[in-house]
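Okay, structure first, notes after.
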Amino acid sequence: MLIKKNQFPILIFTLIYLVFFLFVFIKKTNYEFLMYVGIIIFLFGVILFTSKKIEYPNVILWGLSIWGLLHMLGGGLIINGDVLYAKILIPIIGTPYYIFRYDQFVHIFGFAIATLLMFVLLKPLIKFPIKKWASISILIIMVGLGLGALNEIIEFIVTVLIPETGVGGFVNSSLDLVSDLIGAIIAMAYIVFKKGDI
């Protein structure tokens, strides 16, 4: 069996919100987020088909699923005429940076989870007990940030294919990468605190 019994709630939770938002985005003809639904399904398919070889901790699977939901809410929930992604959660800095937005929160959360996932994937190559945490930390943070850069490339491709997206320009991409770095650092701090036992 590809999925363990205690992972069924994660799968059901993920399928429910994906099906719901699939219909929402079809109804709104939101091709940008229909593409993202496809990407999420593909990524969960990869995890499903590699789960026999890789022991994915449930906390990371829940984190990935919640990240997907936060992303769907960001593009699908309209508040006072704006998508949730555009909303300021805490007004720290205004024009042109608009900090702290829901978008930045999702990047911090998501790339913290992605960095934890990268640590799990690289863990078999790491010699324990770890003596040089600084070196490992830099490596894992940079791998997590590399995923953030890949995400920005995907967003760029989406803007090329679907010009009417709300992705944003250079400032948005840069703030996304800064948020990804913050998430990766938070994840690495957690890994060090747990001494790699996640």
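Scheme for the structure tokens: letters A, B, ... for chains in order shown; per-chain residue numbers from 1; ligand numbers from 1 in order shown.
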Shell around region 102-117 of chain A at 7 Å using only C-alpha atoms, local window under 6 positions removed, as a list in words: Ile60, Gly63, Leu64, Trp67, Leu70, Leu84, Tyr85, Ala86, Lys87, Ile88, Leu89, Ile140, Ile141, Gly144, Gly148, Asp176, Ser179, Asp180, Ile182, Gly183, Ala184, Ile186 and Ala187 of chain A
Atoms to include: N, CA and C atoms. Write the selected residues as a compact mmCIF listing (two decimals), in the first residue's frame.
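Now in selection-v9.txt:
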# COMPACT_ATOMS: atom_id res chain seq x y z
N ILE A 60 5.34 16.77 8.51
CA ILE A 60 5.70 17.44 7.26
C ILE A 60 4.58 17.28 6.24
N GLY A 63 2.01 19.66 7.15
CA GLY A 63 2.48 21.00 6.81
C GLY A 63 2.34 21.29 5.33
N LEU A 64 2.70 20.32 4.48
CA LEU A 64 2.56 20.50 3.03
C LEU A 64 1.10 20.67 2.63
N TRP A 67 -0.07 24.06 3.73
CA TRP A 67 0.52 25.04 2.81
C TRP A 67 -0.30 25.12 1.53
N LEU A 70 -3.49 26.99 2.33
CA LEU A 70 -3.23 28.43 2.47
C LEU A 70 -3.06 29.09 1.09
N LEU A 84 -7.14 37.32 -0.92
CA LEU A 84 -6.50 37.25 0.40
C LEU A 84 -5.00 37.47 0.30
N TYR A 85 -4.37 37.00 -0.79
CA TYR A 85 -2.93 37.18 -0.96
C TYR A 85 -2.50 38.64 -0.88
N ALA A 86 -3.36 39.56 -1.25
CA ALA A 86 -3.01 40.99 -1.26
C ALA A 86 -3.22 41.66 0.09
N LYS A 87 -3.83 40.97 1.03
CA LYS A 87 -4.20 41.59 2.31
C LYS A 87 -3.00 41.75 3.24
N ILE A 88 -2.95 42.92 3.88
CA ILE A 88 -1.95 43.20 4.90
C ILE A 88 -2.44 42.59 6.22
N LEU A 89 -1.62 41.72 6.81
CA LEU A 89 -1.98 41.13 8.10
C LEU A 89 -1.58 42.06 9.25
N ILE A 140 21.42 23.25 4.39
CA ILE A 140 19.97 23.00 4.38
C ILE A 140 19.20 24.29 4.10
N ILE A 141 19.63 25.40 4.68
CA ILE A 141 18.97 26.69 4.43
C ILE A 141 19.06 27.04 2.94
N GLY A 144 16.67 24.92 0.97
CA GLY A 144 15.31 25.46 1.12
C GLY A 144 15.10 26.72 0.31
N GLY A 148 12.71 27.97 -2.99
CA GLY A 148 12.03 29.26 -3.12
C GLY A 148 12.31 29.89 -4.48
N ASP A 176 9.26 37.79 -1.66
CA ASP A 176 8.97 36.36 -1.56
C ASP A 176 10.23 35.59 -1.16
N SER A 179 11.14 36.20 2.39
CA SER A 179 10.23 35.42 3.24
C SER A 179 10.62 33.94 3.23
N ASP A 180 11.00 33.44 2.05
CA ASP A 180 11.46 32.04 1.95
C ASP A 180 12.68 31.81 2.83
N ILE A 182 13.54 33.50 5.54
CA ILE A 182 13.10 33.52 6.94
C ILE A 182 12.51 32.16 7.32
N GLY A 183 11.66 31.61 6.43
CA GLY A 183 11.07 30.29 6.68
C GLY A 183 12.13 29.21 6.79
N ALA A 184 13.13 29.25 5.91
CA ALA A 184 14.21 28.24 5.93
C ALA A 184 15.02 28.35 7.22
N ILE A 186 13.92 29.53 10.14
CA ILE A 186 13.06 29.03 11.22
C ILE A 186 13.09 27.49 11.24
N ALA A 187 12.97 26.89 10.05
CA ALA A 187 12.99 25.43 9.96
C ALA A 187 14.32 24.88 10.47
Distance query region 31-39 of chain A at most 8 Å, only C-alpha atoms, self and fewer than 2 positions along chain excluded, as number ranges by chain: A: 18, 21-22, 25-26, 29, 41-43, 72, 75, 158, 162, 165
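For the choices A:Thr50, A:Gly45, A:Ile93, A:Gly196, the atom-to-atom distance to Phe128 (chain A) is smallest for A:Gly196 when using only C-alpha atoms.
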Which of chain A fall in helix (DSSP H, G or I), as number ranges by chain: A: 5-27, 31-50, 58-76, 84-86, 102-125, 133-161, 170-193
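Checking A:Val46, A:Gly76, A:Pro124, A:Trp62 one by one against Gln7 (chain A), counting only C-alpha atoms, you find the shortest gap at A:Trp62.
Using only C-alpha atoms, the nearest neighbour of Val178 (chain A) within the list A:Ile99, A:Leu61, A:Ile154, A:Ile90 is A:Ile99.
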Picked from region 12-153 of chain A by DSSP as strand (DSSP E or B), as a PyMOL selection string: chain A and resi 78-79+82-83+88-93+99-101
Keeping C-alpha atoms, export the residues of the selection given above as a short mmCIF file (atom, residue, chain, number, x, y, z; two decimals), in the first residue's frame.
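Result file part-v9.cif:
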data_model
loop_
_atom_site.label_atom_id
_atom_site.label_comp_id
_atom_site.auth_asym_id
_atom_site.auth_seq_id
_atom_site.Cartn_x
_atom_site.Cartn_y
_atom_site.Cartn_z
CA ILE A 78 -12.00 37.55 -1.92
CA ILE A 79 -12.16 40.09 0.91
CA ASP A 82 -9.15 41.86 -3.11
CA VAL A 83 -7.77 38.35 -3.00
CA ILE A 88 -1.95 43.20 4.90
CA LEU A 89 -1.98 41.13 8.10
CA ILE A 90 0.16 43.50 10.18
CA PRO A 91 0.91 46.99 8.79
CA ILE A 92 4.65 47.26 9.45
CA ILE A 93 5.91 48.93 6.24
CA ILE A 99 4.80 44.28 4.83
CA PHE A 100 3.43 42.13 6.43
CA ARG A 101 1.07 40.58 3.86
#
Contacts of Pro9 (chain A) within 12 Å, only C-alpha atoms, excl. fewer than 4 positions in-chain, as a PyMOL selection string: chain A and resi 3-5+13-16+58+61-62+65
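Distances here use only C-alpha atoms; by that measure, the residue among A:Phe119, A:Tyr190, A:Tyr98, A:Trp133 closest to Val171 (chain A) is A:Tyr98.
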